[in-house]
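Asks: Sharing work_8.cif, mmCIF, C-alpha atoms:
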data_final
#
loop_
_atom_site.group_PDB
_atom_site.id
_atom_site.type_symbol
_atom_site.label_atom_id
_atom_site.label_comp_id
_atom_site.auth_asym_id
_atom_site.auth_seq_id
_atom_site.Cartn_x
_atom_site.Cartn_y
_atom_site.Cartn_z
ATOM 1 C CA MET M 1 0.000 0.000 0.000
ATOM 2 C CA SER M 2 1.345 3.319 -0.993
ATOM 3 C CA ASP M 3 1.698 6.375 1.187
ATOM 4 C CA LEU M 4 -1.057 8.094 -0.789
ATOM 5 C CA GLU M 5 -3.505 5.285 -0.120
ATOM 6 C CA ILE M 6 -2.603 5.298 3.555
ATOM 7 C CA ALA M 7 -3.079 9.078 3.684
ATOM 8 C CA LEU M 8 -6.466 8.808 1.910
ATOM 9 C CA ILE M 9 -7.597 6.055 4.288
ATOM 10 C CA ALA M 10 -6.438 8.099 7.272
ATOM 11 C CA ALA M 11 -8.143 11.229 5.933
ATOM 12 C CA GLY M 12 -11.320 9.246 5.211
ATOM 13 C CA SER M 13 -11.253 7.764 8.706
ATOM 14 C CA ALA M 14 -10.733 11.201 10.237
ATOM 15 C CA LEU M 15 -13.538 12.598 8.102
ATOM 16 C CA ALA M 16 -15.871 9.725 9.000
ATOM 17 C CA GLY M 17 -14.951 10.109 12.681
ATOM 18 C CA SER M 18 -15.636 13.846 12.506
ATOM 19 C CA ILE M 19 -18.980 13.226 10.833
ATOM 20 C CA VAL M 20 -19.983 10.629 13.445
ATOM 21 C CA THR M 21 -18.750 12.844 16.298
ATOM 22 C CA GLY M 22 -20.555 15.838 14.773
ATOM 23 C CA TRP M 23 -23.765 13.820 14.443
ATOM 24 C CA PHE M 24 -23.634 12.711 18.054
ATOM 25 C CA THR M 25 -22.735 16.231 19.197
ATOM 26 C CA ARG M 26 -25.652 17.624 17.198
ATOM 27 C CA SER M 27 -28.014 15.037 18.691
ATOM 28 C CA ALA M 28 -26.761 15.816 22.193
ATOM 29 C CA GLY M 29 -27.216 19.521 21.517
ATOM 30 C CA HIS M 30 -30.814 18.950 20.409
ATOM 31 C CA ARG M 31 -31.499 16.870 23.522
ATOM 32 C CA GLN M 32 -30.012 19.601 25.712
ATOM 33 C CA ALA M 33 -32.072 22.258 23.916
ATOM 34 C CA ASP M 34 -35.227 20.172 24.327
ATOM 35 C CA ALA M 35 -34.446 19.637 28.012
ATOM 36 C CA ALA M 36 -33.810 23.351 28.499
ATOM 37 C CA ARG M 37 -37.038 24.216 26.668
ATOM 38 C CA HIS M 38 -38.949 21.696 28.787
ATOM 39 C CA ALA M 39 -37.397 23.077 31.989
ATOM 40 C CA GLY M 40 -38.260 26.612 30.866
ATOM 41 C CA ASN M 41 -41.839 25.553 30.188
ATOM 42 C CA ARG M 42 -42.085 23.955 33.635
ATOM 43 C CA GLN M 43 -40.639 27.093 35.201
ATOM 44 C CA ALA M 44 -43.085 29.302 33.276
ATOM 45 C CA ASP M 45 -45.963 27.040 34.330
ATOM 46 C CA ALA M 46 -44.849 27.316 37.955
ATOM 47 C CA VAL M 47 -44.715 31.117 37.721
ATOM 48 C CA LEU M 48 -48.156 31.221 36.094
ATOM 49 C CA HIS M 49 -49.537 28.916 38.790
ATOM 50 C CA THR M 50 -48.091 31.158 41.510
ATOM 51 C CA VAL M 51 -49.492 34.308 39.893
ATOM 52 C CA GLN M 52 -52.913 32.673 39.459
ATOM 53 C CA ALA M 53 -52.931 31.517 43.078
ATOM 54 C CA THR M 54 -52.014 35.031 44.232
ATOM 55 C CA LEU M 55 -54.779 36.586 42.121
ATOM 56 C CA ASP M 56 -57.299 34.029 43.394
ATOM 57 C CA GLU M 57 -56.334 34.805 46.988
ATOM 58 C CA GLN M 58 -56.646 38.548 46.356
ATOM 59 C CA ARG M 59 -60.095 38.053 44.818
ATOM 60 C CA ARG M 60 -61.187 35.902 47.744
ATOM 61 C CA SER M 61 -59.854 38.440 50.213
ATOM 62 C CA GLN M 62 -61.576 41.347 48.455
ATOM 63 C CA ALA M 63 -64.849 39.420 48.376
ATOM 64 C CA GLU M 64 -64.545 38.747 52.092
ATOM 65 C CA VAL M 65 -63.906 42.432 52.789
ATOM 66 C CA ARG M 66 -66.978 43.388 50.691
ATOM 67 C CA ARG M 67 -69.086 40.793 52.494
ATOM 68 C CA ARG M 68 -67.933 41.932 55.909
ATOM 69 C CA GLN M 69 -68.651 45.568 55.002
ATOM 70 C CA ALA M 70 -72.138 44.667 53.757
ATOM 71 C CA TYR M 71 -72.863 42.823 57.010
ATOM 72 C CA VAL M 72 -71.674 45.784 59.077
ATOM 73 C CA GLU M 73 -73.767 48.227 57.017
ATOM 74 C CA LEU M 74 -76.887 46.167 57.643
ATOM 75 C CA LEU M 75 -76.228 45.955 61.366
ATOM 76 C CA GLN M 76 -75.605 49.701 61.550
ATOM 77 C CA ALA M 77 -78.743 50.548 59.568
ATOM 78 C CA ALA M 78 -80.920 48.275 61.711
ATOM 79 C CA GLU M 79 -79.433 49.565 64.939
ATOM 80 C CA LYS M 80 -79.994 53.190 63.902
ATOM 81 C CA ILE M 81 -83.699 52.432 63.598
ATOM 82 C CA VAL M 82 -84.041 50.201 66.640
ATOM 83 C CA LEU M 83 -81.464 51.293 69.197
ATOM 84 C CA LEU M 84 -81.019 54.955 68.292
ATOM 85 C CA GLY M 85 -84.670 55.546 67.419
ATOM 86 C CA GLN M 86 -83.812 57.172 64.079
ATOM 87 C CA ARG M 87 -86.839 55.855 62.229
ATOM 88 C CA GLY M 88 -87.285 58.312 59.396
ATOM 89 C CA GLY M 89 -87.399 57.648 55.683
ATOM 90 C CA GLU M 90 -83.653 58.012 55.130
ATOM 91 C CA GLU M 91 -82.876 55.368 57.735
ATOM 92 C CA ARG M 92 -85.397 52.978 56.206
ATOM 93 C CA VAL M 93 -83.920 53.534 52.735
ATOM 94 C CA ALA M 94 -80.458 52.815 54.157
ATOM 95 C CA LEU M 95 -81.854 49.634 55.720
ATOM 96 C CA VAL M 96 -83.298 48.454 52.396
ATOM 97 C CA ARG M 97 -80.048 49.286 50.611
ATOM 98 C CA ALA M 98 -77.984 47.417 53.191
ATOM 99 C CA SER M 99 -80.256 44.356 53.191
ATOM 100 C CA THR M 100 -80.141 44.268 49.379
ATOM 101 C CA LEU M 101 -76.359 44.394 49.499
ATOM 102 C CA VAL M 102 -76.260 41.506 51.985
ATOM 103 C CA SER M 103 -78.646 39.532 49.751
ATOM 104 C CA LEU M 104 -76.307 40.036 46.806
ATOM 105 C CA GLU M 105 -73.123 39.223 48.727
ATOM 106 C CA GLY M 106 -74.619 36.139 50.398
ATOM 107 C CA PRO M 107 -74.289 33.329 51.121
ATOM 108 C CA ARG M 108 -77.932 32.263 51.366
ATOM 109 C CA ALA M 109 -77.976 31.676 55.113
ATOM 110 C CA VAL M 110 -76.640 35.180 55.755
ATOM 111 C CA ALA M 111 -78.927 36.728 53.123
ATOM 112 C CA PHE M 112 -81.968 35.066 54.732
ATOM 113 C CA ALA M 113 -80.951 36.165 58.234
ATOM 114 C CA GLY M 114 -80.283 39.672 56.892
ATOM 115 C CA LEU M 115 -83.732 39.911 55.336
ATOM 116 C CA GLN M 116 -85.257 38.814 58.639
ATOM 117 C CA LEU M 117 -83.232 41.468 60.467
ATOM 118 C CA ALA M 118 -84.363 44.195 58.056
ATOM 119 C CA ALA M 119 -87.989 43.080 58.279
ATOM 120 C CA CYS M 120 -87.852 43.092 62.065
ATOM 121 C CA ALA M 121 -86.278 46.572 62.145
ATOM 122 C CA ASN M 122 -88.944 47.841 59.738
ATOM 123 C CA GLU M 123 -91.641 46.770 62.194
ATOM 124 C CA PHE M 124 -90.491 49.409 64.662
ATOM 125 C CA PRO M 125 -93.018 52.261 64.662
ATOM 126 C CA PHE M 126 -92.040 55.689 63.349
ATOM 127 C CA GLU M 127 -93.157 57.757 66.329
ATOM 128 C CA SER M 128 -94.024 55.601 69.338
ATOM 129 C CA PRO M 129 -91.758 53.334 71.369
ATOM 130 C CA ALA M 130 -91.646 49.673 70.470
ATOM 131 C CA SER M 131 -93.064 46.936 72.657
ATOM 132 C CA GLU M 132 -90.762 44.846 74.838
ATOM 133 C CA GLU M 133 -91.710 41.807 72.762
ATOM 134 C CA LEU M 134 -90.552 43.536 69.564
ATOM 135 C CA ASN M 135 -87.313 44.596 71.250
ATOM 136 C CA GLN M 136 -86.643 41.027 72.388
ATOM 137 C CA ARG M 137 -87.431 39.658 68.938
ATOM 138 C CA PHE M 138 -84.991 42.162 67.393
ATOM 139 C CA ILE M 139 -82.255 41.020 69.768
ATOM 140 C CA ALA M 140 -82.855 37.381 68.793
ATOM 141 C CA VAL M 141 -83.000 38.134 65.051
ATOM 142 C CA ARG M 142 -79.851 40.268 65.257
ATOM 143 C CA ALA M 143 -78.034 37.459 67.107
ATOM 144 C CA ALA M 144 -79.112 34.980 64.412
ATOM 145 C CA PHE M 145 -77.790 37.315 61.706
ATOM 146 C CA GLU M 146 -74.497 37.817 63.549
ATOM 147 C CA ASP M 147 -74.086 34.038 63.967
ATOM 148 C CA ALA M 148 -74.774 33.429 60.271
ATOM 149 C CA ALA M 149 -72.331 36.184 59.299
ATOM 150 C CA ARG M 150 -69.591 34.860 61.609
ATOM 151 C CA THR M 151 -70.074 31.325 60.332
ATOM 152 C CA SER M 152 -69.837 32.514 56.736
ATOM 153 C CA LEU M 153 -66.738 34.612 57.348
ATOM 154 C CA ASN M 154 -65.000 31.879 59.365
ATOM 155 C CA SER M 155 -65.680 29.241 56.718
ATOM 156 C CA HIS M 156 -63.937 31.402 54.082
ATOM 157 C CA SER M 157 -60.914 32.265 56.230
#
Reformat the file's structure so that it appears as structure tokens.

Replies:
Amino acid sequence: MSDLEIALIAAGSALAGSIVTGWFTRSAGHRQADAARHAGNRQADAVLHTVQATLDEQRRSQAEVRRRQAYVELLQAAEKIVLLGQRGGEERVALVRASTLVSLEGPRAVAFAGLQLAACANEFPFESPASEELNQRFIAVRAAFEDAARTSLNSHS
């Protein structure tokens, strides 16, 4: 075998080795790129999950604040009529507004108790003092509303 043939065989072997090495390197590079892309996707999914959980918690918290405020408004409106004796038209409108707000905010048990509280407060006469029976009934209805509100707020906390 001549030196030229040996050189051609050696060059061919080197070229074939380079091609095989290049192919494997390319394949490894693709696998690494796919793994990096997959890891990036998992990381992006984790960030999106965290952001979604944060937004959900903020929404839940804001809803709880709105609910609590609605419950307080109803109690204040009813107590203005019953305890403070402010039984004019403005106070009754505020009572209706507050009971409507509680009905919208819910849940049903609180909305029902709120409607009962508003109805009881509306029974108080405009000018004359209320009977002891009506006062006692208001206390019981208010306590039922407060219990329903507390239960609702504690179940969402």

Asks: Can you work out the spacing between CA of Arg87 in chain M and CA of Leu75 in chain M in Å, to one decimal?

Replies: 14.5 Å

Asks: Extending 6 Å beyond the listed atoms of range 83-90 of chain M on each side, what axis-aligned box results? I want centre and edge lengths in Å to one decimal, as JSON.

Replies:
{"center_x": -84.2, "center_y": 54.8, "center_z": 62.2, "size_x": 18.4, "size_y": 19.0, "size_z": 26.1}

Asks: Which is closest to Gln116 in chain M among M:Glu90, M:Asp34, M:Asp3, M:Glu146, if we use all atoms listed in the file?

Replies: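 When distances to Gln116 in chain M are compared using all atoms listed in the file, the smallest one comes from M:Glu146.
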
Asks: Could you tell me which residues the PyMOL selection byres ((chain M and resi 93) around 12) returns for this structure, as a short mmCIF file (atom, residue, chain, number, x, y, z; two decimals) with C-alpha atoms, in the frame of the given file?

Replies:
data_model
loop_
_atom_site.label_atom_id
_atom_site.label_comp_id
_atom_site.auth_asym_id
_atom_site.auth_seq_id
_atom_site.Cartn_x
_atom_site.Cartn_y
_atom_site.Cartn_z
CA LEU M 74 -76.89 46.17 57.64
CA ALA M 77 -78.74 50.55 59.57
CA ALA M 78 -80.92 48.28 61.71
CA LYS M 80 -79.99 53.19 63.90
CA ILE M 81 -83.70 52.43 63.60
CA GLN M 86 -83.81 57.17 64.08
CA ARG M 87 -86.84 55.86 62.23
CA GLY M 88 -87.28 58.31 59.40
CA GLY M 89 -87.40 57.65 55.68
CA GLU M 90 -83.65 58.01 55.13
CA GLU M 91 -82.88 55.37 57.74
CA ARG M 92 -85.40 52.98 56.21
CA ALA M 94 -80.46 52.82 54.16
CA LEU M 95 -81.85 49.63 55.72
CA VAL M 96 -83.30 48.45 52.40
CA ARG M 97 -80.05 49.29 50.61
CA ALA M 98 -77.98 47.42 53.19
CA SER M 99 -80.26 44.36 53.19
CA THR M 100 -80.14 44.27 49.38
CA ALA M 118 -84.36 44.20 58.06
CA ALA M 121 -86.28 46.57 62.14
CA ASN M 122 -88.94 47.84 59.74
#

Asks: Please measure the separation of CA of Ala130 in chain M and CA of Leu84 in chain M, giving the value in Å to one decimal.

Replies: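 Computing the Euclidean distance for CA of Ala130 in chain M and CA of Leu84 in chain M yields 12.1 Å.
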
Asks: Evaluate the PyMOL selection byres ((chain M and resi 138-143) around 8) on the structure here and hand back the selected residues as a VMD selection string.

Replies: chain M and resid 75 113 116 to 117 120 to 121 134 to 137 144 to 147

Asks: Next, write the just-selected residues to a file, as a CSV table (one decimal), in the coordinates of the input, keeping C-alpha atoms as the atom set.

Replies:
chain,number,residue,atom,x,y,z
M,75,LEU,CA,-76.2,46.0,61.4
M,113,ALA,CA,-81.0,36.2,58.2
M,116,GLN,CA,-85.3,38.8,58.6
M,117,LEU,CA,-83.2,41.5,60.5
M,120,CYS,CA,-87.9,43.1,62.1
M,121,ALA,CA,-86.3,46.6,62.1
M,134,LEU,CA,-90.6,43.5,69.6
M,135,ASN,CA,-87.3,44.6,71.2
M,136,GLN,CA,-86.6,41.0,72.4
M,137,ARG,CA,-87.4,39.7,68.9
M,144,ALA,CA,-79.1,35.0,64.4
M,145,PHE,CA,-77.8,37.3,61.7
M,146,GLU,CA,-74.5,37.8,63.5
M,147,ASP,CA,-74.1,34.0,64.0
